[in-house]
Structures are given as C-alpha cells and as structure tokens.
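Peer 1: Here you go, entry_23.cif (mmCIF, C-alpha atoms and all ligand atoms):
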```
data_target
loop_
_atom_site.label_atom_id
_atom_site.label_comp_id
_atom_site.auth_asym_id
_atom_site.auth_seq_id
_atom_site.Cartn_x
_atom_site.Cartn_y
_atom_site.Cartn_z
CA MET A 20 21.56 -75.18 9.97
CA LYS A 21 24.84 -73.32 10.10
CA THR A 22 27.62 -74.37 7.79
CA GLY A 23 31.29 -73.45 7.61
CA THR A 24 33.47 -71.77 10.18
CA GLN A 25 31.98 -70.17 13.28
CA HIS A 26 33.96 -66.92 13.43
CA LEU A 27 35.10 -65.72 16.83
CA TYR A 28 36.12 -62.06 17.00
CA ILE A 29 35.50 -61.32 20.64
CA PRO A 30 38.30 -60.19 22.94
CA GLY A 31 38.32 -63.46 24.81
CA PRO A 32 37.94 -66.31 24.75
CA THR A 33 40.09 -66.15 21.64
CA ASN A 34 40.77 -68.68 18.93
CA VAL A 35 42.82 -71.64 20.10
CA PRO A 36 45.42 -72.79 17.55
CA GLU A 37 44.73 -76.31 16.34
CA VAL A 38 48.10 -77.57 17.59
CA VAL A 39 47.35 -76.16 21.03
CA ARG A 40 43.94 -77.79 21.07
CA GLN A 41 45.53 -81.11 20.14
CA ALA A 42 48.24 -80.70 22.75
CA MET A 43 45.50 -80.71 25.38
CA ASN A 44 44.13 -84.03 24.18
CA VAL A 45 46.25 -86.15 26.48
CA PRO A 46 45.40 -88.84 29.02
CA MET A 47 44.90 -87.89 32.65
CA GLN A 48 48.10 -87.96 34.59
CA ASP A 49 49.39 -88.07 38.12
CA HIS A 50 49.96 -84.53 39.31
CA ARG A 51 52.09 -85.83 42.19
CA ALA A 52 54.29 -88.00 39.98
CA PRO A 53 58.04 -87.55 40.44
CA ASP A 54 58.45 -86.17 36.90
CA PHE A 55 55.50 -83.73 36.96
CA GLY A 56 57.93 -80.88 37.52
CA ASP A 57 59.46 -81.55 34.09
CA LEU A 58 56.32 -79.93 32.69
CA THR A 59 55.60 -77.24 35.27
CA MET A 60 59.07 -75.87 35.92
CA GLY A 61 59.43 -74.97 32.25
CA LEU A 62 56.04 -73.26 32.34
CA PHE A 63 57.01 -71.09 35.31
CA ARG A 64 60.31 -70.20 33.61
CA ASP A 65 58.72 -69.26 30.28
CA LEU A 66 55.86 -67.33 31.86
CA LYS A 67 58.50 -65.13 33.48
CA THR A 68 59.91 -64.44 30.03
CA ILE A 69 56.47 -63.39 28.76
CA PHE A 70 55.87 -61.17 31.82
CA LYS A 71 59.43 -59.82 31.48
CA THR A 72 60.38 -60.50 35.05
CA THR A 73 63.51 -62.06 36.42
CA THR A 74 63.08 -60.97 40.04
CA GLY A 75 59.38 -61.76 40.46
CA ARG A 76 57.51 -65.04 40.20
CA VAL A 77 54.51 -66.12 38.17
CA MET A 78 51.80 -68.31 39.66
CA MET A 79 48.71 -69.95 38.20
CA PHE A 80 45.46 -70.40 40.06
CA PRO A 81 42.60 -72.50 38.73
CA GLY A 82 39.98 -69.92 37.84
CA SER A 83 39.96 -67.00 35.46
CA GLY A 84 41.48 -63.52 35.46
CA THR A 85 38.94 -62.48 38.07
CA ALA A 86 40.37 -65.03 40.52
CA CYS A 87 43.76 -63.34 40.23
CA TRP A 88 42.25 -59.87 40.69
CA GLU A 89 41.03 -61.29 43.99
CA ALA A 90 44.27 -63.12 44.80
CA ALA A 91 46.23 -59.89 44.32
CA ILE A 92 44.08 -58.05 46.84
CA LEU A 93 43.67 -60.82 49.42
CA ASN A 94 47.38 -61.58 49.58
CA THR A 95 48.84 -58.11 49.90
CA LEU A 96 46.37 -55.68 51.48
CA ASN A 97 44.59 -55.28 54.79
CA PRO A 98 40.89 -54.65 55.41
CA GLY A 99 40.24 -50.91 55.27
CA ASP A 100 43.43 -50.11 53.34
CA LYS A 101 43.12 -47.11 51.10
CA VAL A 102 43.71 -47.79 47.40
CA LEU A 103 43.64 -45.59 44.32
CA MET A 104 41.76 -46.73 41.22
CA ALA A 105 40.34 -45.26 38.02
CA ARG A 106 37.03 -46.29 36.47
CA HIS A 107 36.88 -45.89 32.71
CA GLY A 108 35.23 -49.04 31.42
CA GLN A 109 33.50 -52.23 32.51
CA PHE A 110 36.62 -54.07 33.66
CA SER A 111 38.06 -51.26 35.74
CA HIS A 112 34.52 -50.82 37.11
CA LEU A 113 34.31 -54.47 38.14
CA TRP A 114 37.72 -54.34 39.82
CA VAL A 115 36.59 -51.26 41.78
CA GLU A 116 33.45 -53.10 42.86
CA MET A 117 35.49 -56.12 43.94
CA ALA A 118 37.90 -53.97 45.96
CA LYS A 119 34.93 -52.40 47.76
CA LYS A 120 33.32 -55.78 48.45
CA LEU A 121 36.57 -57.04 49.91
CA GLY A 122 36.58 -54.16 52.37
CA LEU A 123 39.11 -51.75 50.88
CA ASP A 124 38.69 -48.00 51.14
CA VAL A 125 38.66 -47.21 47.43
CA GLN A 126 39.42 -43.74 46.12
CA VAL A 127 37.90 -43.87 42.63
CA VAL A 128 38.74 -41.42 39.87
CA ASP A 129 35.73 -41.57 37.55
CA LEU A 130 36.38 -40.83 33.91
CA ALA A 131 34.61 -41.04 30.59
CA TRP A 132 34.40 -44.61 29.24
CA GLY A 133 37.00 -44.22 26.52
CA ALA A 134 39.58 -42.32 28.59
CA GLY A 135 42.93 -43.70 29.69
CA VAL A 136 44.36 -43.94 33.19
CA PRO A 137 44.58 -40.36 34.53
CA VAL A 138 48.29 -40.14 35.23
CA ASN A 139 48.27 -36.42 36.11
CA GLU A 140 45.40 -36.86 38.54
CA PHE A 141 47.10 -39.91 40.06
CA THR A 142 50.32 -37.87 40.43
CA ARG A 143 48.44 -35.09 42.20
CA ILE A 144 46.68 -37.51 44.56
CA LEU A 145 49.86 -39.44 45.32
CA GLY A 146 51.80 -36.22 45.84
CA ASN A 147 49.24 -35.09 48.41
CA ASP A 148 49.33 -38.42 50.23
CA ARG A 149 52.17 -37.32 52.53
CA HIS A 150 51.56 -40.03 55.12
CA GLY A 151 51.49 -42.86 52.59
CA GLN A 152 47.92 -43.86 53.35
CA ILE A 153 47.40 -45.16 49.84
CA LYS A 154 48.63 -48.74 49.90
CA ALA A 155 48.08 -49.65 46.28
CA VAL A 156 47.46 -48.08 42.88
CA PHE A 157 45.42 -50.14 40.40
CA VAL A 158 45.83 -49.79 36.65
CA THR A 159 43.82 -51.49 33.92
CA HIS A 160 46.52 -51.73 31.26
CA ASN A 161 44.12 -52.58 28.47
CA GLU A 162 40.47 -51.67 29.13
CA THR A 163 38.83 -54.32 26.99
CA ALA A 164 35.40 -52.69 27.13
CA THR A 165 36.57 -49.49 25.43
CA GLY A 166 39.65 -50.56 23.48
CA VAL A 167 41.94 -48.32 25.50
CA THR A 168 45.56 -49.06 26.40
CA SER A 169 47.06 -46.96 29.19
CA ASP A 170 50.71 -46.26 29.86
CA VAL A 171 51.79 -48.28 32.88
CA ALA A 172 55.34 -46.88 32.76
CA LEU A 173 53.95 -43.39 33.35
CA VAL A 174 52.10 -44.55 36.45
CA ARG A 175 55.33 -46.06 37.74
CA ARG A 176 57.06 -42.75 37.08
CA ALA A 177 54.30 -40.90 38.96
CA LEU A 178 54.84 -43.17 41.97
CA ASP A 179 58.60 -42.69 41.83
CA GLU A 180 58.39 -38.92 41.43
CA CYS A 181 56.18 -38.75 44.52
CA PHE A 182 58.56 -41.12 46.37
CA HIS A 183 55.43 -43.16 46.98
CA ASP A 184 55.69 -46.70 48.25
CA ALA A 185 52.25 -48.02 47.18
CA LEU A 186 52.06 -51.37 45.45
CA LEU A 187 51.34 -51.19 41.72
CA PHE A 188 48.55 -53.56 40.64
CA VAL A 189 48.06 -54.04 36.92
CA ASP A 190 45.23 -55.80 35.12
CA GLY A 191 46.93 -57.17 32.02
CA VAL A 192 44.24 -59.70 31.16
CA SER A 193 43.85 -58.51 27.56
CA SER A 194 47.36 -57.13 27.09
CA ILE A 195 49.98 -59.50 28.46
CA ALA A 196 51.44 -61.66 25.67
CA CYS A 197 50.04 -59.33 22.96
CA ILE A 198 50.98 -55.77 23.91
CA ASP A 199 54.37 -54.79 25.29
CA PHE A 200 54.40 -55.52 29.02
CA ARG A 201 57.45 -55.14 31.26
CA MET A 202 56.82 -56.26 34.79
CA ASP A 203 60.28 -55.55 36.21
CA GLU A 204 61.09 -52.40 34.26
CA TRP A 205 57.75 -50.82 35.15
CA GLY A 206 57.95 -51.95 38.74
CA VAL A 207 54.66 -53.81 38.57
CA ASP A 208 53.99 -55.64 41.83
CA LEU A 209 50.95 -57.66 40.82
CA ALA A 210 50.31 -58.41 37.16
CA VAL A 211 47.07 -60.25 36.44
CA THR A 212 46.05 -62.21 33.38
CA GLY A 213 44.27 -65.41 32.38
CA THR A 214 44.55 -68.18 29.84
CA GLN A 215 41.74 -67.35 27.41
CA LYS A 216 43.00 -64.14 25.85
CA GLY A 217 46.57 -63.54 24.69
CA PHE A 218 47.60 -67.02 25.77
CA MET A 219 45.26 -68.59 23.17
CA LEU A 220 43.82 -71.22 25.50
CA PRO A 221 40.44 -72.06 26.99
CA ALA A 222 39.51 -70.24 30.20
CA GLY A 223 40.53 -72.07 33.34
CA LEU A 224 43.66 -70.58 34.83
CA GLY A 225 44.31 -67.15 36.25
CA ILE A 226 47.95 -66.19 35.87
CA ILE A 227 49.59 -63.67 38.17
CA GLY A 228 53.03 -62.12 38.30
CA VAL A 229 54.10 -61.28 41.86
CA SER A 230 57.07 -59.05 42.69
CA GLN A 231 59.34 -59.63 45.65
CA LYS A 232 57.82 -56.57 47.28
CA ALA A 233 54.34 -58.08 46.87
CA MET A 234 55.55 -61.42 48.25
CA ALA A 235 56.97 -59.60 51.27
CA ALA A 236 53.65 -57.78 51.75
CA SER A 237 51.85 -61.13 51.60
CA GLU A 238 53.82 -62.38 54.58
CA LYS A 239 52.48 -59.60 56.80
CA ASN A 240 49.00 -58.71 55.58
CA THR A 241 45.86 -59.76 57.43
CA MET A 242 43.21 -60.42 54.78
CA ARG A 243 41.99 -64.00 54.97
CA ARG A 244 42.39 -66.42 52.10
CA CYS A 245 42.91 -70.11 51.70
CA PHE A 246 42.49 -71.37 48.12
CA LEU A 247 44.17 -68.28 46.69
CA ASP A 248 47.05 -68.11 49.17
CA PHE A 249 50.38 -67.08 47.65
CA ALA A 250 52.48 -68.78 50.32
CA ASP A 251 50.91 -72.23 49.82
CA MET A 252 51.16 -71.87 46.05
CA ALA A 253 54.74 -70.61 46.04
CA LYS A 254 55.93 -73.35 48.39
CA MET A 255 54.53 -76.11 46.18
CA ASN A 256 55.50 -74.39 42.90
CA ASP A 257 59.12 -74.28 44.05
CA THR A 258 59.31 -78.02 43.55
CA GLY A 259 57.02 -78.11 40.50
CA TYR A 260 53.75 -78.95 42.23
CA PHE A 261 50.46 -77.34 43.18
CA PRO A 262 48.69 -77.30 46.55
CA TYR A 263 45.67 -78.91 44.86
CA THR A 264 44.84 -80.58 41.55
CA PRO A 265 45.77 -78.35 38.63
CA PRO A 266 44.00 -78.67 35.25
CA THR A 267 46.72 -80.79 33.67
CA GLN A 268 45.26 -80.53 30.14
CA LEU A 269 45.48 -76.76 30.27
CA LEU A 270 49.08 -76.99 31.40
CA HIS A 271 49.89 -79.06 28.31
CA GLY A 272 48.07 -76.50 26.17
CA LEU A 273 50.01 -73.74 27.86
CA ARG A 274 53.26 -75.56 27.09
CA LYS A 275 52.33 -75.51 23.40
CA SER A 276 51.12 -71.92 23.35
CA LEU A 277 54.28 -70.74 25.15
CA ASP A 278 56.35 -72.63 22.57
CA ARG A 279 54.54 -70.72 19.84
CA MET A 280 54.97 -67.39 21.59
CA LEU A 281 58.68 -67.90 22.12
CA ALA A 282 59.13 -69.09 18.54
CA GLU A 283 57.45 -65.96 17.20
CA GLY A 284 59.28 -63.81 19.73
CA PRO A 285 57.40 -61.37 21.98
CA GLU A 286 58.51 -58.27 20.04
CA ASN A 287 57.26 -59.82 16.80
CA THR A 288 53.98 -60.73 18.47
CA TYR A 289 53.50 -57.12 19.57
CA ALA A 290 54.30 -55.92 16.04
CA ARG A 291 51.82 -58.38 14.54
CA HIS A 292 49.09 -57.16 16.86
CA ARG A 293 49.97 -53.56 16.03
CA ARG A 294 49.77 -54.27 12.32
CA LEU A 295 46.48 -56.20 12.49
CA ALA A 296 44.95 -53.54 14.73
CA THR A 297 46.08 -50.76 12.42
CA GLY A 298 44.17 -52.41 9.59
CA VAL A 299 41.01 -52.63 11.69
CA ARG A 300 41.36 -48.98 12.72
CA ASN A 301 41.83 -47.95 9.10
CA ALA A 302 38.58 -49.73 8.29
CA VAL A 303 36.75 -47.86 11.04
CA ALA A 304 38.07 -44.58 9.67
CA ALA A 305 36.95 -45.53 6.15
CA TRP A 306 33.44 -46.25 7.45
CA GLY A 307 33.42 -42.79 9.00
CA LEU A 308 32.66 -44.23 12.44
CA GLU A 309 33.99 -43.09 15.79
CA MET A 310 36.24 -45.05 18.06
CA CYS A 311 35.20 -45.42 21.69
CA ALA A 312 38.80 -44.60 22.72
CA GLU A 313 39.16 -40.87 23.17
CA HIS A 314 42.51 -40.40 21.48
CA PRO A 315 44.70 -42.27 18.97
CA SER A 316 47.47 -42.56 21.59
CA LEU A 317 45.08 -44.80 23.56
CA TYR A 318 44.09 -47.16 20.75
CA SER A 319 44.41 -50.77 21.79
CA ASP A 320 46.18 -53.31 19.62
CA THR A 321 44.07 -56.18 20.94
CA VAL A 322 40.51 -54.88 20.72
CA THR A 323 38.76 -52.10 18.83
CA ALA A 324 35.56 -50.64 20.26
CA ILE A 325 33.49 -48.86 17.62
CA ARG A 326 30.58 -46.49 18.16
CA THR A 327 27.64 -47.14 15.88
CA PRO A 328 26.18 -44.10 14.12
CA GLN A 329 23.16 -42.24 15.50
CA GLY A 330 20.04 -44.40 15.12
CA VAL A 331 21.92 -47.68 14.67
CA ASP A 332 21.70 -50.05 17.61
CA ALA A 333 24.98 -51.88 18.12
CA ARG A 334 23.01 -54.83 19.49
CA ASP A 335 21.43 -55.26 16.05
CA VAL A 336 24.84 -55.26 14.40
CA ILE A 337 26.04 -58.00 16.75
CA LYS A 338 22.86 -60.05 16.40
CA ILE A 339 22.91 -59.88 12.60
CA ALA A 340 26.58 -60.85 12.52
CA TYR A 341 25.82 -63.86 14.68
CA ASP A 342 22.55 -65.02 13.12
CA ARG A 343 23.32 -64.43 9.45
CA TYR A 344 27.08 -64.63 9.22
CA ASN A 345 28.16 -67.08 11.95
CA CYS A 346 30.29 -64.41 13.51
CA SER A 347 30.65 -63.30 17.11
CA LEU A 348 31.56 -59.65 17.59
CA GLY A 349 32.06 -58.17 21.06
CA SER A 350 29.14 -56.35 22.65
CA GLY A 351 29.03 -52.93 24.30
CA LEU A 352 29.38 -53.51 28.04
CA GLY A 353 27.51 -51.62 30.76
CA PRO A 354 26.53 -48.12 29.67
CA LEU A 355 28.04 -48.76 26.23
CA ASN A 356 25.46 -51.46 25.50
CA GLY A 357 23.72 -50.68 22.22
CA LYS A 358 26.18 -47.91 21.44
CA VAL A 359 29.36 -49.85 20.82
CA PHE A 360 30.41 -53.10 19.22
CA ARG A 361 33.89 -54.52 19.46
CA ILE A 362 36.21 -56.46 17.24
CA GLY A 363 38.63 -58.58 19.24
CA HIS A 364 41.91 -59.00 17.37
CA LEU A 365 44.21 -60.80 19.74
CA GLY A 366 45.91 -64.12 19.97
CA ASP A 367 46.12 -66.57 17.09
CA LEU A 368 45.20 -64.22 14.25
CA ASN A 369 46.28 -63.11 10.81
CA GLU A 370 45.37 -60.63 8.08
CA GLY A 371 42.78 -62.86 6.42
CA MET A 372 40.94 -63.34 9.69
CA CYS A 373 40.83 -59.59 10.33
CA LEU A 374 39.54 -58.99 6.79
CA THR A 375 36.77 -61.52 7.45
CA ALA A 376 35.78 -59.70 10.63
CA ILE A 377 35.81 -56.33 8.86
CA SER A 378 33.83 -57.67 5.93
CA ILE A 379 31.15 -59.22 8.16
CA ALA A 380 31.01 -56.03 10.22
CA GLU A 381 30.26 -54.12 7.00
CA LEU A 382 27.44 -56.48 6.08
CA SER A 383 26.00 -56.33 9.57
CA LEU A 384 26.32 -52.56 9.95
CA ALA A 385 24.56 -52.03 6.64
CA ALA A 386 21.79 -54.49 7.54
CA ALA A 387 21.34 -52.66 10.85
CA GLY A 388 20.82 -49.38 8.99
CA ALA A 389 24.26 -47.77 8.79
CA GLN A 390 25.43 -46.07 5.61
CA ILE A 391 28.34 -48.27 4.63
CA ARG A 392 29.94 -48.58 1.24
CA PHE A 393 30.70 -52.28 0.88
CA GLY A 394 34.37 -52.99 0.70
CA SER A 395 35.44 -49.58 2.00
CA GLY A 396 36.72 -50.92 5.30
CA VAL A 397 38.12 -54.05 3.73
CA ALA A 398 40.07 -51.98 1.20
CA ALA A 399 41.35 -49.65 3.90
CA ALA A 400 42.64 -52.60 5.90
CA GLN A 401 44.14 -54.16 2.78
CA ASP A 402 46.12 -50.95 2.29
CA VAL A 403 47.77 -51.68 5.63
CA TYR A 404 48.17 -55.40 5.13
CA ALA A 405 49.73 -54.92 1.70
CA GLU A 406 52.52 -52.82 3.22
CA PRO A 407 55.71 -54.34 4.48
CA VAL A 408 55.37 -54.97 8.20
CA ALA A 409 57.90 -52.34 9.21
CA ARG A 410 56.10 -49.55 7.36
CA ALA A 411 52.70 -50.36 8.76
CA VAL A 412 54.11 -50.35 12.26
CA GLN A 413 55.95 -47.10 11.61
CA ARG A 414 52.78 -45.49 10.35
CA SER A 415 50.74 -46.52 13.34
CA ALA A 416 53.49 -45.18 15.61
CA ALA A 417 53.21 -41.86 13.78
CA ILE A 418 49.43 -41.88 14.27
CA ALA A 419 49.86 -42.59 17.98
CA ALA A 420 52.31 -39.67 18.29
CA GLU A 421 49.79 -37.20 16.80
C1 LIG B 501 38.53 -60.53 30.36
C2 LIG B 501 39.02 -59.50 31.30
C3 LIG B 501 38.89 -59.65 32.68
C4 LIG B 501 38.14 -60.76 33.31
O1 LIG B 501 38.82 -61.92 33.19
P1 LIG B 501 38.07 -63.31 33.36
O2 LIG B 501 39.13 -64.23 32.90
O3 LIG B 501 36.86 -63.29 32.50
O4 LIG B 501 37.75 -63.45 34.78
C5 LIG B 501 39.44 -58.68 33.49
N1 LIG B 501 40.06 -57.62 32.98
C6 LIG B 501 40.19 -57.43 31.66
C7 LIG B 501 40.89 -56.21 31.16
C8 LIG B 501 39.67 -58.37 30.78
O5 LIG B 501 39.78 -58.18 29.46
#
```
Starting from the coordinates I provided, produce the structure as structure tokens.
Ligand SMILES: *Cc1c(COP(=O)(O)O)cnc(C)c1O

Peer 2:
Amino acid sequence: MKTGTQHLYIPGPTNVPEVVRQAMNVPMQDHRAPDFGDLTMGLFRDLKTIFKTTTGRVMMFPGSGTACWEAAILNTLNPGDKVLMARHGQFSHLWVEMAKKLGLDVQVVDLAWGAGVPVNEFTRILGNDRHGQIKAVFVTHNETATGVTSDVALVRRALDECFHDALLFVDGVSSIACIDFRMDEWGVDLAVTGTQKGFMLPAGLGIIGVSQKAMAASEKNTMRRCFLDFADMAKMNDTGYFPYTPPTQLLHGLRKSLDRMLAEGPENTYARHRRLATGVRNAVAAWGLEMCAEHPSLYSDTVTAIRTPQGVDARDVIKIAYDRYNCSLGSGLGPLNGKVFRIGHLGDLNEGMCLTAISIAELSLAAAGAQIRFGSGVAAAQDVYAEPVARAVQRSAAIAAE
C-alpha cells in the first residue's frame, strides 16, 4: 500500500492547485444559457493577456495540444504546401509526422536531440526561397523531450530579414504561461498550447492563438475540416458560445487558474520558473551529470532532461522513483529512452516541491547504480533557493549569456 503524497514531476499533466480543482466541482450547466457568456468572454479576454496578443484571437477546442497542432494546419494551409520544420526531439518529430500525414510537403532540418531551432539554417533556406514556396515555418518553442527552449523572436527576425511572408507556427504547449511568450511582438500566427501544462488544469482543451493573418488565410485555404474549423468557432465565440458542447467544468477551472496567473503576474511567473529551474540545474551540475540540452542558452525553465551516466539505465531511475518513492519523473522519449530522465518543473510549484523531486532523484539514481553523494543536489538547489529572487534570476541570466 502506498501512503502519503503521490508526487508528480512530469512535464504535463502538472499539479492542479486545490482551489482550481474545487472550482471545477460545479453542477452541470446550460451552455446555451443567456448568461453563459459572462464566463466565456472573460476567459477569451484573459487568455489574450497570457498570449500577449491584442490583435489576434484565442480559441479553445475540446481535445489536447495535439488537436490544436492539427487545427493550425487544417485551417491555414493547402494540401501539398511546402513548410519548413526542424526535428530535434519527440514533439517536433510528432508535429513533422502529422504535417506529412496531412499532406504537406515538409522540408525537415534534422538536428541532434538537444539542439535548438536552427535559426541560421532557417535564414539560409528562407533567403533562397525567392518565389515564396514555403508557406509556413514551424517552431517548437519548448521541446519538452529534451528540455530545450528556442528563441522564437530570432525566427521572426529571420523571416523579416528575408522579407518572407510564411506563416509562423509555434508549439508553445510547455512554454506558454510559464516562459516569456509574446504572440504579437514576435509575429506568431498560430500559437498552440493545452490545458494540462502551464495552465495547471486537467487535459481536455487545446488552446490556440490565431493572428489576423492566419484568420485571413483560413478564409481562403482548401484543407477540409469540420470539428476544428476556425470560422465556426470564431463566429460562436464572438457571442460567448461554442459550436458544440464545451467542457464546462474545465472552463470554470480555467477561470480560477487564469485568476491565479493574473494575480501572480506573468513576469513574476516567468521569474519563478527561472528560479526553480536554476535550482534543478544546479543540482544536476552537483551530481556531475550532463544535460540533454546542448548549451546553457537553451536550458528550459519548465523541464530539465538529464542524461544518466554510462551504465545507468534511466528507465530504472524512473521505475525506482515510482515504485519506492511514489514519484513520477518524466521518461526519455523516442531515441532518448533509457538514456534520459526528466524533471518537470512547471505550473503550480514551489521550492519545497523541487527539493522533493531532486531528493527522490538522488535516491533513485543511487539505487539504479549512479555514483551520487546524497544531499549534493539538494544542497546545490538550496544555494539557489536561499538567495533573494532577483539574484538567482540574475545569475541564471549570466549563465545563459555564457
Ligand atoms: C505535451 C506537448 C505536446 C502534446 O500535447 P498534448 O496535449 O499531449 O496533445 C505537444 N508539444 C509539446 C511541446 C508538448 O510538451
């Protein structure tokens, strides 16, 4: 029998705050009632604040992030359109596979799993695309499989420098609401996320930011869709409704989680994630283990992917953590299976929770055969968490600039 807390340190689904969980415990309601818009209109407004868009719109489709990957493609592109994508982890890989299945002509830049989006290579390719055959560029802002955050602003700059008109698609499933994201400023046309990561909710809704340019493209494109149609959704959303039954409980949970996000303030939320992540990274350094991310400038503030030492199977680490210590750590996905384990540190989280994850990781690494001095990672993280917030953030900025 297991006793005590079941610890969840995977990069989604994340921990749901108790008040959010309770906010979802409401009776069923009429989603066509005259006052339903009192709930939904505020959600649309506040989602725009989180996405940092005033000119675009944010829609929610029942489903998960994957549904909005698909919605983005189906609503704006045509069969056979050429698109530019990078593959550097399981999520970018899956988006590439989806784009191919949906009939796009995908130009894939294959990279090491641990690399960031190849801005220079993208610039070269876009610069050579004189006839504008590339209709969209896809960026995985935070590659959850490898713990890598790429610079979306640089991709926007590459497009602008090449005077290229392609739509900019961004997967922000594990970044939006936790890591700085600026839909308008970066000229993001389609920004995809879901409820079960930074939004601290159960899975069940895909959330997508759509620019005016993307809406205009959706009026002319020829891919077929029905359930995921932007036009049907936008028309109903304008008056506070949905074209079909939305998960009303989740909407109430979202109301509460948005209240919490706005109360903390997005910039403070980013700083908190930076600080918590810096502690986890310090622990990894103290253990003498390698990050999966190739360079400190790529380190993600929402998930850390750690390579196990030679001869230590990451699957054992994860299994021991789960069986003996009631703790879920993230697994190595695809080719990283057995080589990497991940600590998800996003959403409703604090220092004590990160120290628990680090401490259990130490126990599990040691039991799986790694040379770990107990407390070394915990102490290294405590060094960060003992510092005033501003200094810890400053230090991690200095590390990133190295
Ligand atoms: C979790 C995740 C997805 C998939 O989202 P689902 O909600 O599971 O469909 C896609 N991209 C990234 C970067 C993710 O972290």

Peer 1: Using all atoms listed in the file, which protein or nucleic acid residues are at most 8 Å from ligand LIG 501 (chain B), as number ranges by chain?

Peer 2: A: 30-31, 82-86, 88, 110-111, 114, 159-164, 190-194, 212-216, 222-223, 225

Peer 1: What separation in Å, quoted to one decimal, exists between atom CA of Tyr28 of chain A and atom CA of Ala405 of chain A?

Peer 2: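 Separation of atom CA of Tyr28 of chain A and atom CA of Ala405 of chain A: 21.7 Å.
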
Peer 1: Env of segment 40-47 of chain A: 10 Å cut, atoms = only C-alpha atoms, seq-sep filter 2 positions within chain, self excluded. Answer as a list of chain:residue names.

Peer 2: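 Near neighbours after the sequence-gap exclusion: A:Asn34, A:Val35, A:Pro36, A:Glu37, A:Val38, A:Asp49, A:His50, A:Met219, A:Leu220, A:Pro221, A:Pro266, A:Thr267, A:Gln268, A:Leu269, A:Leu270, A:His271, A:Gly272, A:Leu273, A:Arg274, A:Lys275, A:Ser276.
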
Peer 1: Counting all atoms listed in the file, figure out which residue out of A:Arg361, A:Lys71, A:Arg343, A:Lys101 gets nearest to Ala210 of chain A.

Peer 2: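 Residue with the minimum atom-to-atom distance to Ala210 of chain A: A:Lys71.
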
Peer 1: Would you kindly return, as an NGL selection string, each protein, DNA or RNA residue with an atom no farther than 8 Å from any atom of segment 228-236 of chain A, considering only C-alpha atoms and excluding same-chain residues fewer than 5 positions away?

Peer 2: :A and (67 or 70 or 74-78 or 94-96 or 186 or 202 or 207-211 or 249)

Peer 1: Between atom CA of Val127 of chain A and atom CA of Leu103 of chain A, measure the distance and give it in Å to one decimal.

Peer 2: 6.2 Å

Peer 1: Which residue out of A:Ser237, A:Gln390, A:Thr72, A:Asn147 has the minimum interatomic distance to Ile92 of chain A when only C-alpha atoms are used?

Peer 2: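 Checking each candidate against Ile92 of chain A, we get A:Ser237 as the closest.
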
Peer 1: How many Å lie between atom CA of Thr168 of chain A and atom CA of His292 of chain A, rounded to one decimal?

Peer 2: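 So the answer is 13.0 Å.
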
Peer 1: Would you mind listing what lies within 9 Å of Gly108 of chain A as a PyMOL selection string, with all atoms listed in the file counted and same-chain residues fewer than 3 positions away left out?

Peer 2: chain A and resi 111-113+130-134+162-165+167+352-355

Peer 1: Have a look at A:Met280, A:Leu121, A:Cys373, A:Val128 and name the one nearest to Ile195 of chain A; count only C-alpha atoms.

Peer 2: A:Met280

Peer 1: How about completing segment 82-87 of chain A with all heavy atoms and giving it to me as a PDB file, keeping the file's coordinate frame?

Peer 2:
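Final output, saved to selection_31.pdb:
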```
ATOM      1  N   GLY A  82      40.940 -71.027  37.798  1.00  0.00           N
ATOM      2  CA  GLY A  82      39.980 -69.920  37.840  1.00  0.00           C
ATOM      3  C   GLY A  82      40.150 -69.112  36.571  1.00  0.00           C
ATOM      4  O   GLY A  82      40.658 -69.615  35.562  1.00  0.00           O
ATOM      5  N   SER A  83      39.770 -67.855  36.623  1.00  0.00           N
ATOM      6  CA  SER A  83      39.960 -67.000  35.460  1.00  0.00           C
ATOM      7  C   SER A  83      40.707 -65.746  35.925  1.00  0.00           C
ATOM      8  O   SER A  83      41.190 -65.689  37.066  1.00  0.00           O
ATOM      9  CB  SER A  83      38.612 -66.656  34.830  1.00  0.00           C
ATOM     10  OG  SER A  83      37.857 -65.850  35.703  1.00  0.00           O
ATOM     11  N   GLY A  84      40.794 -64.752  35.075  1.00  0.00           N
ATOM     12  CA  GLY A  84      41.480 -63.520  35.460  1.00  0.00           C
ATOM     13  C   GLY A  84      40.911 -62.943  36.741  1.00  0.00           C
ATOM     14  O   GLY A  84      41.654 -62.447  37.603  1.00  0.00           O
ATOM     15  N   THR A  85      39.606 -63.035  36.894  1.00  0.00           N
ATOM     16  CA  THR A  85      38.940 -62.480  38.070  1.00  0.00           C
ATOM     17  C   THR A  85      39.489 -63.091  39.365  1.00  0.00           C
ATOM     18  O   THR A  85      39.626 -62.400  40.376  1.00  0.00           O
ATOM     19  CB  THR A  85      37.417 -62.710  37.961  1.00  0.00           C
ATOM     20  OG1 THR A  85      36.967 -62.151  36.723  1.00  0.00           O
ATOM     21  CG2 THR A  85      36.662 -62.077  39.109  1.00  0.00           C
ATOM     22  N   ALA A  86      39.810 -64.373  39.326  1.00  0.00           N
ATOM     23  CA  ALA A  86      40.370 -65.030  40.520  1.00  0.00           C
ATOM     24  C   ALA A  86      41.691 -64.357  40.907  1.00  0.00           C
ATOM     25  O   ALA A  86      41.991 -64.198  42.099  1.00  0.00           O
ATOM     26  CB  ALA A  86      40.586 -66.516  40.251  1.00  0.00           C
ATOM     27  N   CYS A  87      42.459 -63.963  39.903  1.00  0.00           N
ATOM     28  CA  CYS A  87      43.760 -63.340  40.230  1.00  0.00           C
ATOM     29  C   CYS A  87      43.613 -61.871  40.614  1.00  0.00           C
ATOM     30  O   CYS A  87      44.440 -61.361  41.372  1.00  0.00           O
ATOM     31  CB  CYS A  87      44.746 -63.553  39.093  1.00  0.00           C
ATOM     32  SG  CYS A  87      45.410 -65.241  39.118  1.00  0.00           S
TER      33      CYS A  87
END
```
